[in-house]
file protein-v4.txt (compact mmCIF, C-alpha atoms)
# COMPACT_ATOMS: atom_id res chain seq x y z
CA MET O 1 -100.22 85.49 -40.93
CA SER O 2 -98.38 84.77 -37.68
CA VAL O 3 -101.38 82.91 -36.22
CA GLN O 4 -103.06 80.11 -38.16
CA VAL O 5 -106.68 79.44 -37.22
CA ARG O 6 -108.70 76.51 -38.52
CA ARG O 7 -111.49 74.05 -37.68
CA ASP O 8 -110.83 70.32 -37.44
CA GLY O 9 -113.95 68.41 -36.55
CA GLY O 10 -114.98 69.59 -33.10
CA ALA O 11 -111.57 71.16 -32.45
CA GLY O 12 -110.73 74.77 -33.10
CA ARG O 13 -106.99 74.93 -33.72
CA ILE O 14 -104.81 77.97 -33.02
CA VAL O 15 -101.24 77.64 -34.27
CA LEU O 16 -98.60 80.24 -33.41
CA ASP O 17 -96.72 80.53 -36.67
CA ARG O 18 -93.42 82.37 -36.31
CA PRO O 19 -91.12 79.35 -36.04
CA ARG O 20 -87.95 81.25 -36.96
CA ALA O 21 -88.63 83.58 -34.00
CA LEU O 22 -89.62 80.71 -31.68
CA ASN O 23 -93.20 81.88 -32.17
CA ALA O 24 -92.51 85.06 -30.19
CA LEU O 25 -95.64 87.12 -29.66
CA THR O 26 -96.47 90.36 -31.42
CA HIS O 27 -99.38 92.62 -30.52
CA GLY O 28 -101.21 91.54 -33.66
CA MET O 29 -100.94 87.89 -32.63
CA LEU O 30 -102.48 88.63 -29.24
CA LEU O 31 -105.44 90.37 -30.85
CA GLU O 32 -105.94 87.54 -33.37
CA ILE O 33 -106.01 84.94 -30.58
CA ARG O 34 -108.37 87.06 -28.49
CA ASP O 35 -110.81 87.61 -31.33
CA THR O 36 -110.75 83.92 -32.23
CA LEU O 37 -111.45 82.81 -28.68
CA LEU O 38 -114.30 85.27 -28.32
CA ALA O 39 -115.87 84.05 -31.58
CA TRP O 40 -115.53 80.38 -30.66
CA ALA O 41 -116.89 80.81 -27.14
CA ASP O 42 -120.44 80.99 -28.53
CA ASP O 43 -119.91 78.63 -31.47
CA ASP O 44 -121.47 75.25 -30.69
CA THR O 45 -119.50 73.55 -33.46
CA VAL O 46 -116.25 74.20 -31.58
CA ARG O 47 -116.11 71.85 -28.60
CA THR O 48 -112.40 72.15 -27.76
CA VAL O 49 -109.70 74.75 -28.44
CA VAL O 50 -106.19 73.46 -29.13
CA LEU O 51 -103.14 75.75 -28.95
CA THR O 52 -99.88 74.62 -30.57
CA GLY O 53 -96.74 76.20 -32.01
CA ALA O 54 -95.36 75.80 -35.51
CA GLY O 55 -92.02 74.03 -35.85
CA GLU O 56 -90.37 71.68 -33.39
CA ARG O 57 -88.46 74.17 -31.22
CA GLY O 58 -91.25 75.36 -28.99
CA LEU O 59 -94.75 76.64 -28.37
CA CYS O 60 -93.67 80.23 -27.70
CA ALA O 61 -90.54 81.91 -26.34
CA GLY O 62 -92.55 84.87 -25.03
CA ALA O 63 -93.00 88.40 -26.26
CA ASP O 64 -90.76 89.84 -28.95
CA ILE O 65 -88.42 91.49 -26.47
CA ARG O 66 -86.38 93.31 -29.10
CA GLU O 67 -89.56 95.21 -29.97
CA LEU O 68 -90.12 95.76 -26.26
CA HIS O 69 -86.60 97.17 -25.93
CA ASP O 70 -87.07 99.60 -28.79
CA ASP O 71 -90.46 100.76 -27.54
CA ALA O 72 -89.23 101.20 -23.96
CA ARG O 73 -86.41 103.41 -25.23
CA ALA O 74 -89.02 105.53 -27.02
CA GLY O 75 -91.18 105.97 -23.91
CA GLY O 76 -93.00 102.64 -23.65
CA ALA O 77 -96.46 103.69 -24.85
CA GLY O 78 -96.79 100.75 -27.22
CA ALA O 79 -95.52 98.29 -24.60
CA ARG O 80 -98.13 99.47 -22.11
CA VAL O 81 -100.88 98.69 -24.60
CA PHE O 82 -99.24 95.34 -25.39
CA PHE O 83 -99.09 94.40 -21.69
CA ALA O 84 -102.71 95.40 -21.13
CA ASP O 85 -104.00 93.33 -24.05
CA GLU O 86 -101.74 90.40 -23.18
CA TYR O 87 -102.86 90.24 -19.55
CA ARG O 88 -106.52 90.57 -20.51
CA LEU O 89 -106.01 87.63 -22.89
CA ASN O 90 -104.38 85.59 -20.12
CA HIS O 91 -107.44 86.31 -17.96
CA LEU O 92 -109.81 85.33 -20.77
CA ILE O 93 -108.00 82.01 -21.15
CA SER O 94 -108.32 81.30 -17.43
CA ARG O 95 -112.11 81.76 -17.63
CA TYR O 96 -112.70 80.16 -21.03
CA PRO O 97 -115.99 78.23 -21.08
CA LYS O 98 -114.70 75.33 -23.19
CA PRO O 99 -111.75 72.95 -22.83
CA TYR O 100 -108.60 74.87 -23.76
CA VAL O 101 -105.78 72.45 -24.55
CA ALA O 102 -102.31 74.02 -24.59
CA VAL O 103 -99.55 71.82 -26.00
CA MET O 104 -96.38 73.10 -24.30
CA ASP O 105 -93.97 71.17 -26.52
CA GLY O 106 -90.44 72.59 -26.56
CA ILE O 107 -89.63 76.10 -25.34
CA THR O 108 -92.55 77.67 -23.47
CA MET O 109 -91.43 80.80 -21.68
CA GLY O 110 -92.80 84.15 -20.51
CA GLY O 111 -95.72 85.06 -22.73
CA GLY O 112 -95.87 81.43 -23.86
CA VAL O 113 -96.67 80.47 -20.27
CA GLY O 114 -99.33 83.18 -20.25
CA LEU O 115 -101.05 81.54 -23.23
CA SER O 116 -100.79 78.03 -21.79
CA GLY O 117 -100.39 78.04 -18.01
CA HIS O 118 -103.92 79.31 -17.30
CA GLY O 119 -105.66 76.89 -19.65
CA SER O 120 -107.84 74.04 -18.43
CA VAL O 121 -105.72 71.28 -20.06
CA ARG O 122 -101.96 71.90 -20.05
CA VAL O 123 -99.82 69.28 -21.78
CA VAL O 124 -96.03 68.89 -21.69
CA THR O 125 -93.67 66.53 -23.53
CA GLU O 126 -90.11 65.37 -22.94
CA ARG O 127 -88.99 68.34 -25.06
CA SER O 128 -90.75 70.89 -22.85
CA ASN O 129 -88.61 73.67 -21.41
CA VAL O 130 -90.90 75.85 -19.30
CA ALA O 131 -89.70 79.02 -17.59
CA MET O 132 -90.44 82.52 -16.39
CA PRO O 133 -86.93 83.98 -17.03
CA GLU O 134 -87.75 87.68 -16.68
CA THR O 135 -85.17 88.51 -14.01
CA ARG O 136 -82.54 87.71 -16.64
CA ILE O 137 -83.51 90.87 -18.52
CA GLY O 138 -84.27 93.13 -15.55
CA LEU O 139 -88.01 92.46 -15.61
CA MET O 140 -90.26 90.53 -13.20
CA PRO O 141 -92.45 87.46 -13.85
CA ASP O 142 -95.72 88.55 -15.48
CA VAL O 143 -98.60 87.07 -17.56
CA GLY O 144 -99.92 85.58 -14.32
CA GLY O 145 -96.63 83.75 -13.85
CA SER O 146 -96.06 85.30 -10.45
CA ARG O 147 -99.28 83.62 -9.26
CA LEU O 148 -98.21 80.21 -10.64
CA LEU O 149 -94.79 80.62 -9.04
CA ALA O 150 -96.25 81.78 -5.73
CA LEU O 151 -98.54 78.73 -5.56
CA ALA O 152 -95.82 76.19 -6.42
CA PRO O 153 -94.96 73.82 -3.54
CA GLY O 154 -92.58 75.06 -0.86
CA GLY O 155 -89.77 77.24 -2.15
CA LEU O 156 -89.81 75.93 -5.72
CA GLY O 157 -91.51 78.95 -7.24
CA THR O 158 -89.19 81.41 -5.52
CA HIS O 159 -86.18 79.39 -6.65
CA LEU O 160 -87.37 79.37 -10.26
CA ALA O 161 -88.27 83.06 -10.24
CA LEU O 162 -85.03 84.38 -8.77
CA THR O 163 -82.72 82.12 -10.80
CA SER O 164 -84.78 82.29 -14.04
CA GLY O 165 -84.67 78.50 -13.85
CA SER O 166 -86.28 76.17 -16.36
CA MET O 167 -88.59 73.22 -15.81
CA GLY O 168 -88.65 70.00 -17.73
CA PRO O 169 -91.96 68.14 -18.02
CA GLY O 170 -91.89 66.50 -14.59
CA ASP O 171 -90.98 69.74 -12.83
CA ALA O 172 -93.69 71.63 -14.73
CA LEU O 173 -96.22 69.12 -13.39
CA LEU O 174 -94.76 69.30 -9.89
CA CYS O 175 -94.83 73.10 -9.82
CA GLY O 176 -98.37 73.46 -11.15
CA PHE O 177 -97.53 74.80 -14.61
CA ALA O 178 -98.86 71.72 -16.42
CA ASP O 179 -101.38 68.91 -15.91
CA HIS O 180 -100.43 66.06 -18.22
CA PHE O 181 -97.40 64.52 -19.94
CA VAL O 182 -97.77 63.14 -23.46
CA PRO O 183 -94.63 61.63 -25.08
CA VAL O 184 -93.54 63.22 -28.34
CA ALA O 185 -94.09 59.91 -30.10
CA ALA O 186 -97.78 60.06 -29.14
CA LEU O 187 -98.29 63.80 -29.65
CA GLU O 188 -99.55 63.72 -33.23
CA SER O 189 -102.03 60.98 -32.39
CA PHE O 190 -103.17 62.86 -29.28
CA THR O 191 -103.81 66.17 -31.03
CA ALA O 192 -105.54 64.40 -33.93
CA ALA O 193 -107.86 62.61 -31.51
CA LEU O 194 -109.09 65.95 -30.18
CA ALA O 195 -110.99 66.51 -33.42
CA GLY O 196 -113.44 63.77 -32.50
CA THR O 197 -113.22 63.17 -28.77
CA ASP O 198 -113.02 65.15 -25.57
CA PRO O 199 -109.62 65.86 -23.98
CA ALA O 200 -110.15 63.44 -21.08
CA GLU O 201 -110.60 60.48 -23.42
CA ALA O 202 -107.67 61.54 -25.60
CA LEU O 203 -105.44 61.90 -22.54
CA ALA O 204 -106.47 58.51 -21.15
CA ALA O 205 -105.14 56.92 -24.31
CA HIS O 206 -101.91 58.91 -24.63
CA ALA O 207 -100.68 60.34 -21.30
CA ALA O 208 -97.77 58.98 -19.25
CA GLU O 209 -95.75 59.93 -16.13
CA PRO O 210 -92.38 61.74 -16.32
CA PRO O 211 -89.80 62.12 -13.52
CA ALA O 212 -89.44 65.45 -11.65
CA ALA O 213 -85.83 66.54 -11.16
CA LEU O 214 -86.56 69.24 -8.58
CA ALA O 215 -88.34 66.82 -6.26
CA GLY O 216 -84.99 65.53 -4.99
CA HIS O 217 -83.84 69.06 -4.07
CA ARG O 218 -86.85 70.09 -1.99
CA GLY O 219 -84.89 69.91 1.27
CA TRP O 220 -82.43 72.71 0.60
CA ILE O 221 -84.77 74.63 -1.71
CA ASP O 222 -87.58 74.87 0.83
CA HIS O 223 -85.17 75.91 3.58
CA CYS O 224 -83.14 78.41 1.57
CA TYR O 225 -86.04 80.21 -0.07
CA ALA O 226 -88.21 80.59 3.03
CA PRO O 227 -86.95 84.09 4.04
CA ASP O 228 -88.64 87.23 2.75
CA THR O 229 -85.46 89.04 1.70
CA VAL O 230 -83.11 88.20 -1.15
CA GLU O 231 -80.12 88.81 1.12
CA GLU O 232 -81.27 86.18 3.61
CA ILE O 233 -82.00 83.73 0.81
CA LEU O 234 -78.47 84.15 -0.51
CA ASP O 235 -77.03 83.68 2.98
CA ARG O 236 -78.86 80.36 3.29
CA LEU O 237 -77.81 79.24 -0.19
CA ASP O 238 -74.19 80.03 0.62
CA ALA O 239 -74.40 78.02 3.84
CA ALA O 240 -76.30 75.06 2.42
CA GLY O 241 -73.24 73.05 1.47
CA GLU O 242 -74.89 71.90 -1.77
CA SER O 243 -73.32 72.42 -5.19
CA ALA O 244 -76.77 73.07 -6.66
CA ALA O 245 -77.42 75.71 -4.01
CA ALA O 246 -74.10 77.39 -4.78
CA ALA O 247 -74.97 77.40 -8.48
CA ALA O 248 -78.36 78.95 -7.67
CA ALA O 249 -76.69 81.69 -5.62
CA ALA O 250 -74.37 82.50 -8.52
CA GLU O 251 -77.34 82.71 -10.89
CA ILE O 252 -79.18 85.06 -8.55
CA ARG O 253 -76.18 87.34 -8.07
CA ALA O 254 -75.97 87.83 -11.85
CA LYS O 255 -79.52 89.22 -12.03
CA SER O 256 -80.78 92.78 -11.62
CA PRO O 257 -80.85 93.57 -7.87
CA THR O 258 -83.97 95.67 -8.35
CA ALA O 259 -85.73 92.95 -10.35
CA LEU O 260 -84.83 90.38 -7.69
CA LYS O 261 -86.27 92.39 -4.82
CA VAL O 262 -89.42 93.37 -6.71
CA THR O 263 -89.92 89.77 -7.88
CA LEU O 264 -89.68 88.39 -4.35
CA ALA O 265 -92.11 91.02 -3.07
CA ALA O 266 -94.51 90.26 -5.94
CA LEU O 267 -94.49 86.53 -5.21
CA ARG O 268 -95.08 87.06 -1.51
CA ARG O 269 -98.00 89.39 -2.24
CA ALA O 270 -99.41 86.97 -4.84
CA ARG O 271 -99.64 84.26 -2.19
CA GLY O 272 -102.40 86.30 -0.57
CA HIS O 273 -104.29 87.09 -3.77
CA HIS O 274 -107.74 85.57 -4.21
CA SER O 275 -107.74 85.50 -8.01
CA LEU O 276 -105.62 85.54 -11.12
CA GLY O 277 -107.18 88.88 -12.00
CA GLU O 278 -105.78 90.41 -8.82
CA THR O 279 -102.30 89.15 -9.68
CA LEU O 280 -102.50 90.38 -13.27
CA GLU O 281 -103.48 93.84 -12.05
CA GLN O 282 -100.40 93.85 -9.82
CA GLU O 283 -98.18 92.65 -12.65
CA TYR O 284 -99.47 95.37 -14.94
CA VAL O 285 -98.43 98.07 -12.47
CA ILE O 286 -95.01 96.43 -12.05
CA SER O 287 -94.43 96.00 -15.78
CA CYS O 288 -95.41 99.58 -16.60
CA THR O 289 -93.06 100.86 -13.90
CA ALA O 290 -90.27 98.65 -15.24
CA LEU O 291 -90.63 100.31 -18.65
CA ASP O 292 -89.35 103.51 -17.06
CA SER O 293 -86.44 101.78 -15.36
CA HIS O 294 -82.84 101.53 -16.47
CA ASP O 295 -82.52 97.80 -15.90
CA LEU O 296 -85.14 96.55 -18.37
CA VAL O 297 -83.62 98.30 -21.37
CA GLU O 298 -80.12 97.39 -20.20
CA GLY O 299 -81.01 93.76 -19.59
CA ILE O 300 -82.51 93.29 -23.04
CA ARG O 301 -79.54 95.09 -24.60
CA ALA O 302 -77.09 92.74 -22.92
CA GLN O 303 -79.02 89.53 -23.63
CA VAL O 304 -80.60 90.14 -27.03
CA VAL O 305 -79.37 93.29 -28.78
CA ASP O 306 -75.60 93.44 -28.22
CA LYS O 307 -75.46 89.94 -26.70
CA ASP O 308 -72.43 90.77 -24.56
CA ARG O 309 -74.11 89.09 -21.55
CA ASN O 310 -72.67 91.83 -19.36
CA PRO O 311 -75.53 93.99 -18.10
CA GLN O 312 -74.64 97.03 -16.01
CA TRP O 313 -77.40 97.11 -13.44
CA LYS O 314 -78.33 100.31 -11.59
CA PRO O 315 -78.17 99.98 -8.66
CA ALA O 316 -75.56 97.25 -8.98
CA ALA O 317 -75.82 95.93 -5.40
CA LEU O 318 -78.76 94.51 -3.45
CA ALA O 319 -77.88 96.73 -0.49
CA ASP O 320 -78.48 99.82 -2.62
CA VAL O 321 -82.06 98.85 -3.54
CA THR O 322 -84.20 100.43 -0.83
CA ALA O 323 -87.66 99.54 0.42
CA GLU O 324 -88.87 102.75 -1.22
CA ASP O 325 -87.39 101.63 -4.54
CA VAL O 326 -89.36 98.38 -4.31
CA ALA O 327 -92.58 100.05 -3.18
CA ARG O 328 -92.51 102.28 -6.26
CA PHE O 329 -93.22 99.23 -8.44
CA PHE O 330 -96.46 98.57 -6.58
CA ALA O 331 -97.81 102.12 -6.50
CA PRO O 332 -101.23 102.30 -8.26
CA THR O 333 -101.07 103.86 -11.70
CA GLY O 334 -104.70 104.94 -11.97
CA ASP O 335 -105.00 102.80 -15.12
CA PRO O 336 -106.25 99.37 -13.98
CA LEU O 337 -107.07 96.55 -16.38
CA GLY O 338 -110.59 96.15 -15.07
CA LEU O 339 -110.37 92.39 -14.61
CA GLY O 340 -113.05 90.46 -12.82
CA PRO O 341 -112.70 88.21 -9.77
CA ALA O 342 -111.58 85.03 -11.56
call {"tool": "encode", "arguments": {"input": "protein-v4.txt", "output": "structure tokens"}}
result
Amino acid sequence: MSVQVRRDGGAGRIVLDRPRALNALTHGMLLEIRDTLLAWADDDTVRTVVLTGAGERGLCAGADIRELHDDARAGGAGARVFFADEYRLNHLISRYPKPYVAVMDGITMGGGVGLSGHGSVRVVTERSNVAMPETRIGLMPDVGGSRLLALAPGGLGTHLALTSGSMGPGDALLCGFADHFVPVAALESFTAALAGTDPAEALAAHAAEPPAALAGHRGWIDHCYAPDTVEEILDRLDAAGESAAAAAAAEIRAKSPTALKVTLAALRRARGHHSLGETLEQEYVISCTALDSHDLVEGIRAQVVDKDRNPQWKPAALADVTAEDVARFFAPTGDPLGLGPA
């Protein structure tokens, strides 16, 4: 079993158990988590749900993108079902009627953020490495990540989305991806306490305050990422006179031009959404469209399959990605998820 489920006093524990694969998500794992949450929602003996990952490397590195690559090459039918079930699970987590404690220890990326970032109690440690790195593989932030990024202070979310940047614990708190910091040394005691006490009491005894690295860069980040086109953002980064801004520009220029433009448009639209459900519906349309694109398969090939780190994007230049190309990713598919207003 790739998901371990057990009771521990008043805590229902869900453990992602594929440590050799950084607990990457399969479709079967999503369904197991969904069914468990639905069963526990009406079970009075379960007072708190606790999500953790097996091993010490991370909670979850996201979906199994090698499987996604193979399915996309075969037409993407399986991936469409995966996305639909994943996003519905993310929505369920956001509306869960009991405390849902996600322990984001170690690598927590992509689908791992979807399982944790919408929970009611989101905990990071000094080992946390939180990211939505989809532009690296020619995809766009999903699992509700575009909403979290859009609501981050100032230009931080846009910076993280376009560069595929990672957050340590302090930055995850600053950007709204986490709520509490618990040191690794206190983590075992904290999670054990949840069997007999509510999360607020357990946190009061174990939580601390970490530094936020991005806080010192807000000046140039907020200025450079204010425009609504990737080209203008790059112009500002180039002119900023900051080594970190120059590094960010280089990271952005290595990404899929199409993914960059669609990601920026998605974040700007998500700012005006009234609910996570609305954002997830948008992401589903984008993700399904991406399955038919050249860049997703090519990006995964370059990063994961052949590992040559030399993707050949099509189009290869930002100037060649038209407004019509971007709009195609937002065109209704006629197959909505049917999510409610939460």
call {"tool": "atom_distance", "arguments": {"input": "protein-v4.txt", "atom1": "atom CA of O:Ala254", "atom2": "atom CA of O:Arg73"}}
result
23.0 Å
call {"tool": "residues_around", "arguments": {"input": "protein-v4.txt", "residues": "O:Glu278", "least_positions_apart": "4", "cutoff": "8 Å", "atoms": "all atoms listed in the file", "output": "list in words"}}
result
His273, His274, Gln282, Leu339 and Pro341 of chain O
call {"tool": "write_last_selection", "arguments": {"input": "protein-v4.txt", "atoms": "C-alpha atoms", "output": "PDB file, in the frame of the given file"}}
result
ATOM      1  CA  HIS O 273    -104.290  87.090  -3.770  1.00  0.00           C
ATOM      2  CA  HIS O 274    -107.740  85.570  -4.210  1.00  0.00           C
ATOM      3  CA  GLN O 282    -100.400  93.850  -9.820  1.00  0.00           C
ATOM      4  CA  LEU O 339    -110.370  92.390 -14.610  1.00  0.00           C
ATOM      5  CA  PRO O 341    -112.700  88.210  -9.770  1.00  0.00           C
TER       6      PRO O 341
END
call {"tool": "atom_distance", "arguments": {"input": "protein-v4.txt", "atom1": "atom CA of O:Asp70", "atom2": "atom CA of O:Ala290"}}
result
14.0 Å
call {"tool": "atom_distance", "arguments": {"input": "protein-v4.txt", "atom1": "atom CA of O:Pro210", "atom2": "atom CA of O:Leu174"}}
result
10.2 Å
call {"tool": "residues_around", "arguments": {"input": "protein-v4.txt", "residues": "stretch 54-68 of chain O", "least_positions_apart": "3", "cutoff": "9 Å", "atoms": "all atoms listed in the file", "output": "JSON, numbers by chain"}}
result
{"O": [15, 16, 17, 18, 19, 20, 21, 22, 23, 24, 25, 26, 27, 51, 71, 72, 73, 76, 78, 79, 102, 103, 104, 105, 106, 107, 108, 109, 110, 111, 112, 113, 114, 115, 127, 128, 129, 291, 297, 300, 301, 304, 305]}
call {"tool": "residues_around", "arguments": {"input": "protein-v4.txt", "residues": "stretch 220-222 of chain O", "least_positions_apart": "5", "cutoff": "12 Å", "atoms": "all atoms listed in the file", "output": "PDB file with C-alpha atoms, in the coordinates of the input"}}
result
ATOM      1  CA  ALA O 152     -95.820  76.190  -6.420  1.00  0.00           C
ATOM      2  CA  PRO O 153     -94.960  73.820  -3.540  1.00  0.00           C
ATOM      3  CA  GLY O 154     -92.580  75.060  -0.860  1.00  0.00           C
ATOM      4  CA  GLY O 155     -89.770  77.240  -2.150  1.00  0.00           C
ATOM      5  CA  LEU O 156     -89.810  75.930  -5.720  1.00  0.00           C
ATOM      6  CA  GLY O 157     -91.510  78.950  -7.240  1.00  0.00           C
ATOM      7  CA  THR O 158     -89.190  81.410  -5.520  1.00  0.00           C
ATOM      8  CA  HIS O 159     -86.180  79.390  -6.650  1.00  0.00           C
ATOM      9  CA  LEU O 160     -87.370  79.370 -10.260  1.00  0.00           C
ATOM     10  CA  THR O 163     -82.720  82.120 -10.800  1.00  0.00           C
ATOM     11  CA  LEU O 214     -86.560  69.240  -8.580  1.00  0.00           C
ATOM     12  CA  ALA O 215     -88.340  66.820  -6.260  1.00  0.00           C
ATOM     13  CA  PRO O 227     -86.950  84.090   4.040  1.00  0.00           C
ATOM     14  CA  ILE O 233     -82.000  83.730   0.810  1.00  0.00           C
ATOM     15  CA  LEU O 234     -78.470  84.150  -0.510  1.00  0.00           C
ATOM     16  CA  ARG O 236     -78.860  80.360   3.290  1.00  0.00           C
ATOM     17  CA  LEU O 237     -77.810  79.240  -0.190  1.00  0.00           C
ATOM     18  CA  ASP O 238     -74.190  80.030   0.620  1.00  0.00           C
ATOM     19  CA  ALA O 239     -74.400  78.020   3.840  1.00  0.00           C
ATOM     20  CA  ALA O 240     -76.300  75.060   2.420  1.00  0.00           C
ATOM     21  CA  GLY O 241     -73.240  73.050   1.470  1.00  0.00           C
ATOM     22  CA  GLU O 242     -74.890  71.900  -1.770  1.00  0.00           C
ATOM     23  CA  SER O 243     -73.320  72.420  -5.190  1.00  0.00           C
ATOM     24  CA  ALA O 244     -76.770  73.070  -6.660  1.00  0.00           C
ATOM     25  CA  ALA O 245     -77.420  75.710  -4.010  1.00  0.00           C
ATOM     26  CA  ALA O 246     -74.100  77.390  -4.780  1.00  0.00           C
ATOM     27  CA  ALA O 248     -78.360  78.950  -7.670  1.00  0.00           C
ATOM     28  CA  ALA O 249     -76.690  81.690  -5.620  1.00  0.00           C
TER      29      ALA O 249
END
call {"tool": "residues_around", "arguments": {"input": "protein-v4.txt", "residues": "O:Gly12", "least_positions_apart": "6", "cutoff": "8 Å", "atoms": "only C-alpha atoms", "output": "list in words"}}
result
Val5, Arg6, Trp40, Val46, Arg47, Thr48, Val49 and Val50 of chain O
call {"tool": "closest_residue", "arguments": {"input": "protein-v4.txt", "among": "O:Asp171, O:His180, O:Val143, O:Thr263", "to": "O:His217", "atoms": "all atoms listed in the file"}}
result
O:Asp171
call {"tool": "residues_around", "arguments": {"input": "protein-v4.txt", "residues": "O:Pro133", "least_positions_apart": "2", "cutoff": "10 Å", "atoms": "all atoms listed in the file", "output": "PDB file with C-alpha atoms, in the coordinates of the input"}}
result
ATOM      1  CA  GLY O  62     -92.550  84.870 -25.030  1.00  0.00           C
ATOM      2  CA  MET O 109     -91.430  80.800 -21.680  1.00  0.00           C
ATOM      3  CA  GLY O 110     -92.800  84.150 -20.510  1.00  0.00           C
ATOM      4  CA  VAL O 130     -90.900  75.850 -19.300  1.00  0.00           C
ATOM      5  CA  ALA O 131     -89.700  79.020 -17.590  1.00  0.00           C
ATOM      6  CA  THR O 135     -85.170  88.510 -14.010  1.00  0.00           C
ATOM      7  CA  ARG O 136     -82.540  87.710 -16.640  1.00  0.00           C
ATOM      8  CA  ILE O 137     -83.510  90.870 -18.520  1.00  0.00           C
ATOM      9  CA  GLY O 138     -84.270  93.130 -15.550  1.00  0.00           C
ATOM     10  CA  LEU O 139     -88.010  92.460 -15.610  1.00  0.00           C
ATOM     11  CA  MET O 140     -90.260  90.530 -13.200  1.00  0.00           C
ATOM     12  CA  PRO O 141     -92.450  87.460 -13.850  1.00  0.00           C
ATOM     13  CA  LEU O 160     -87.370  79.370 -10.260  1.00  0.00           C
ATOM     14  CA  ALA O 161     -88.270  83.060 -10.240  1.00  0.00           C
ATOM     15  CA  LEU O 162     -85.030  84.380  -8.770  1.00  0.00           C
ATOM     16  CA  THR O 163     -82.720  82.120 -10.800  1.00  0.00           C
ATOM     17  CA  SER O 164     -84.780  82.290 -14.040  1.00  0.00           C
ATOM     18  CA  GLY O 165     -84.670  78.500 -13.850  1.00  0.00           C
ATOM     19  CA  SER O 166     -86.280  76.170 -16.360  1.00  0.00           C
TER      20      SER O 166
END
call {"tool": "closest_residue", "arguments": {"input": "protein-v4.txt", "among": "O:Leu194, O:Leu276, O:Ala207, O:Ala202", "to": "O:Val182", "atoms": "all atoms listed in the file"}}
result
O:Ala207
call {"tool": "closest_residue", "arguments": {"input": "protein-v4.txt", "among": "O:Leu148, O:Ala172, O:Ala39, O:Val101", "to": "O:Thr125", "atoms": "only C-alpha atoms"}}
result
O:Ala172
call {"tool": "closest_residue", "arguments": {"input": "protein-v4.txt", "among": "O:Val121, O:Ala270, O:Leu37, O:Ile252", "to": "O:Leu149", "atoms": "only C-alpha atoms"}}
result
O:Ala270
call {"tool": "closest_residue", "arguments": {"input": "protein-v4.txt", "among": "O:Ala323, O:Val230, O:Ala205, O:Ala247", "to": "O:Leu260", "atoms": "only C-alpha atoms"}}
result
O:Val230
call {"tool": "closest_residue", "arguments": {"input": "protein-v4.txt", "among": "O:Ala259, O:Val285, O:Leu187, O:Met29", "to": "O:Val321", "atoms": "only C-alpha atoms"}}
result
O:Ala259
